[in-house]
Structures are given as structure tokens and as C-alpha cells.
Amino acid sequence: MRITKILLLCMVLLSASCGNIENEFSTIPCYLIIDNNLHKDATLASAMTAASPGVFCYIRQDMHGGAKYFVFKNNQGTESRKTFNAIDLRRSFILGGNNGLIVGFGNMDTPPVFYAYDNQCPNCFDPNAIPIRNYPLSMSTDGTATCNTCKRKYNMNTGGNIIEGENGKKLTRYRAATGGPYGVLSVN
């Protein structure tokens with residue numbers, strides 16, 4: 001009887017403590033692998049190195065003239081495009097809520113943390129809305145992202161928290177890893 005009461009108390013305490021924990025990573029489907037050793041893209045490499053914290057790169061897919069491309073644009077103003085290679089063409093990609101991810105090392109942690117965010121305002125974007133509306137973020141050189149609709153400003157250097165505007169959700173974050181500037185970028 002006493003063991004039952006102790007177990008019941010432990011279960012109540014555990015369930016109460018878990019209710020306040022916000023999941024750090026999104027459950028929205030996202031999958032991307034780019035081998036930058038093959039693409040040799042300097043714009044992407046600038047965000048994949050811990051030696052340049054605060055540099056973030058927006059990644060999206062595009063199609064032009066029947067060919068698929070990766071489009072890279074960093075918050076320092078550099079933009080580039082790379083044609084899919086044979087390996088890329090065999091892979092399936094899901095780039096967050098609406099075909100866009102932002103990756104880079106934050107400049108507030110030691111050692112720097114590698115972040116991957118959805119390029120949608122989490123407070124405006126609704127994947128269940130019909131039609132789905134796009135609420136992309138714009139990046140600044142200081143490592144912040146701003147939604148032009150709700151005017152919230154997010155700090156990408158510190159996990160995507162809101163630093164200006166109404167309270168709400170922080171940026172949608174995905175698990176990510178990088179093998180260095182010319183290594184493999186993996187987001188899932």
C-alpha cells in the first residue's frame with residue numbers, strides 16, 4: 001500500500017513538471033542534407049563555420065529552366081545558387097513550413113551553438129490554414145530575424161527568442177549538424 005502511494009505521488013509530480021517544459025525542437029517535418037564538399041558554396045560555408053558566429057544563411061529550393069537549384073543567401077548580403085548534383089536529385093527534401101530554412105552559429109554561446117530555424121514566423125504561419133499563407137522572415141546583419149506582418153523581432157543568436165514585439169512563440173527550431181564549412185549540413 002505504501003509503495004503504491006509513493007509511486008502515485010511520483011507520477012503526479014513528474015506529470016506536473018513535464019507540463020511546463022517547452023519542446024526545444026519542432027515536430028514539423030523537415031529534412032535536408034547538403035554536402036558542401038561537393039557544392040563548394042562560399043555563402044553556405046560562411047554560416048557552417050564556428051569561426052564566423054552570427055552569420056546565418058537562408059536556404060531554399062528553386063527550379064529554373066527545368067533544373068533544380070539550392071539558393072543560399074546570408075545575413076551579410078551574399079547570395080548564390082548551386083545546381084542539384086546527381087546525389088541531390090536522388091534525395092527528398094522538406095525545407096520546413098514553406099520551403100525555407102535558416103542555419104548558422106549563434107554568437108552568444110561558448111562554444112558557439114549551431115542553429116537551424118524555419119523561415120516562417122511561428123506566430124503568423126498556420127500550416128492548417130487554407131490557403132497556406134507565407135510569412136517569411138527577413139534577416140539583419142546583427143543576427144536578428146523580423147516578420148514583416150506582426151513586426152516581431154527574433155534573436156537567432158540565442159535560440160530564436162522574441163526580442164521586440166508582442167509575446168508569443170520563439171522561432172521554430174530543428175535539429176541540425178555541420179561538418180565544418182565544406183562538410184555535410186544535416187537538418188532533421
# chains A, B, ... in the order shown; residues from 1 in each chain; ligands from 1
$ residues_around --residues "Phe114 in chain A" --least-positions-apart "2" --cutoff "10 Å" --atoms "only C-alpha atoms" --output "NGL selection string"
:A and (47-50 or 53 or 56 or 103-107 or 109 or 111-112 or 116 or 157 or 159 or 175-178)
$ residues_around --residues "Glu79 in chain A" --least-positions-apart "4" --cutoff "12 Å" --atoms "only C-alpha atoms" --output "number ranges by chain"
A: 41-46, 56-60, 70-75
$ residues_around --residues "range 135-137 of chain A" --least-positions-apart "2" --cutoff "9 Å" --atoms "only C-alpha atoms" --output "compact mmCIF listing (two decimals) with C-alpha atoms, in the first residue's frame"
# COMPACT_ATOMS: atom_id res chain seq x y z
CA ASN A 98 7.20 26.61 -46.59
CA GLY A 100 12.90 27.76 -46.35
CA ASP A 118 12.17 27.56 -40.15
CA ASN A 119 11.96 30.67 -42.33
CA GLN A 120 8.39 31.32 -41.23
CA CYS A 121 7.11 33.48 -38.41
CA PRO A 122 5.84 30.91 -35.87
CA CYS A 124 1.72 34.14 -38.06
CA PHE A 125 2.24 30.92 -40.07
CA ARG A 133 -0.03 31.82 -46.45
CA MET A 139 17.44 38.69 -41.67
CA ALA A 145 15.08 37.96 -37.99
CA THR A 146 11.95 40.09 -38.40
CA CYS A 147 8.41 39.23 -39.51
CA ASN A 148 7.00 41.95 -41.78
CA THR A 149 3.43 41.02 -40.79
$ residues_around --residues "Ile87 in chain A" --least-positions-apart "3" --cutoff "12 Å" --atoms "only C-alpha atoms" --output "count of residues only"
11
$ residues_around --residues "Leu95 in chain A" --least-positions-apart "3" --cutoff "7 Å" --atoms "only C-alpha atoms" --output "list in words"
Cys30, Tyr31, Leu32, Asn98, Asn99, Gly100 and Leu101 of chain A
$ write_last_selection --atoms "N, CA and C atoms" --output "PDB file, in the first residue's frame"
ATOM      1  N   CYS A  30      10.903  18.102 -41.441  1.00  0.00           N
ATOM      2  CA  CYS A  30      11.990  18.857 -42.059  1.00  0.00           C
ATOM      3  C   CYS A  30      13.126  17.888 -42.319  1.00  0.00           C
ATOM      4  N   TYR A  31      13.660  17.919 -43.527  1.00  0.00           N
ATOM      5  CA  TYR A  31      14.766  17.022 -43.856  1.00  0.00           C
ATOM      6  C   TYR A  31      15.616  17.664 -44.947  1.00  0.00           C
ATOM      7  N   LEU A  32      16.896  17.830 -44.647  1.00  0.00           N
ATOM      8  CA  LEU A  32      17.820  18.420 -45.622  1.00  0.00           C
ATOM      9  C   LEU A  32      19.214  17.884 -45.379  1.00  0.00           C
ATOM     10  N   ASN A  98       7.510  26.105 -45.268  1.00  0.00           N
ATOM     11  CA  ASN A  98       7.201  26.610 -46.595  1.00  0.00           C
ATOM     12  C   ASN A  98       8.466  26.842 -47.415  1.00  0.00           C
ATOM     13  N   ASN A  99       9.267  25.776 -47.591  1.00  0.00           N
ATOM     14  CA  ASN A  99      10.445  25.805 -48.464  1.00  0.00           C
ATOM     15  C   ASN A  99      11.511  26.803 -48.038  1.00  0.00           C
ATOM     16  N   GLY A 100      11.820  26.867 -46.760  1.00  0.00           N
ATOM     17  CA  GLY A 100      12.896  27.764 -46.350  1.00  0.00           C
ATOM     18  C   GLY A 100      13.437  27.468 -44.968  1.00  0.00           C
ATOM     19  N   LEU A 101      14.759  27.416 -44.861  1.00  0.00           N
ATOM     20  CA  LEU A 101      15.446  27.218 -43.587  1.00  0.00           C
ATOM     21  C   LEU A 101      16.497  28.297 -43.417  1.00  0.00           C
TER      22      LEU A 101
END
$ atom_distance --atom1 "CA of Thr172 in chain A" --atom2 "CA of Val187 in chain A"
12.7 Å
$ atom_distance --atom1 "CA of Gly179 in chain A" --atom2 "CA of Gly77 in chain A"
23.4 Å
$ select_by_dssp --residues "range 35-136 of chain A" --states "alpha helix (DSSP H)" --output "compact mmCIF listing (two decimals) with C-alpha atoms, in the first residue's frame"
# COMPACT_ATOMS: atom_id res chain seq x y z
CA ASN A 36 29.14 21.31 -49.26
CA ASN A 37 32.37 19.46 -50.02
CA LEU A 38 30.77 18.76 -53.41
CA HIS A 39 29.00 22.11 -53.93
CA ALA A 42 31.05 30.02 -50.04
CA THR A 43 27.73 31.59 -48.98
CA LEU A 44 26.62 28.39 -47.25
CA ALA A 45 30.15 27.80 -45.89
CA SER A 46 30.11 31.22 -44.19
CA ALA A 47 27.26 30.02 -41.94
CA ALA A 86 23.07 13.60 -59.04
CA ILE A 87 23.10 12.82 -55.31
CA ASP A 88 20.80 15.77 -54.53
CA LEU A 89 18.37 14.66 -57.24
CA ARG A 90 18.01 11.23 -55.58
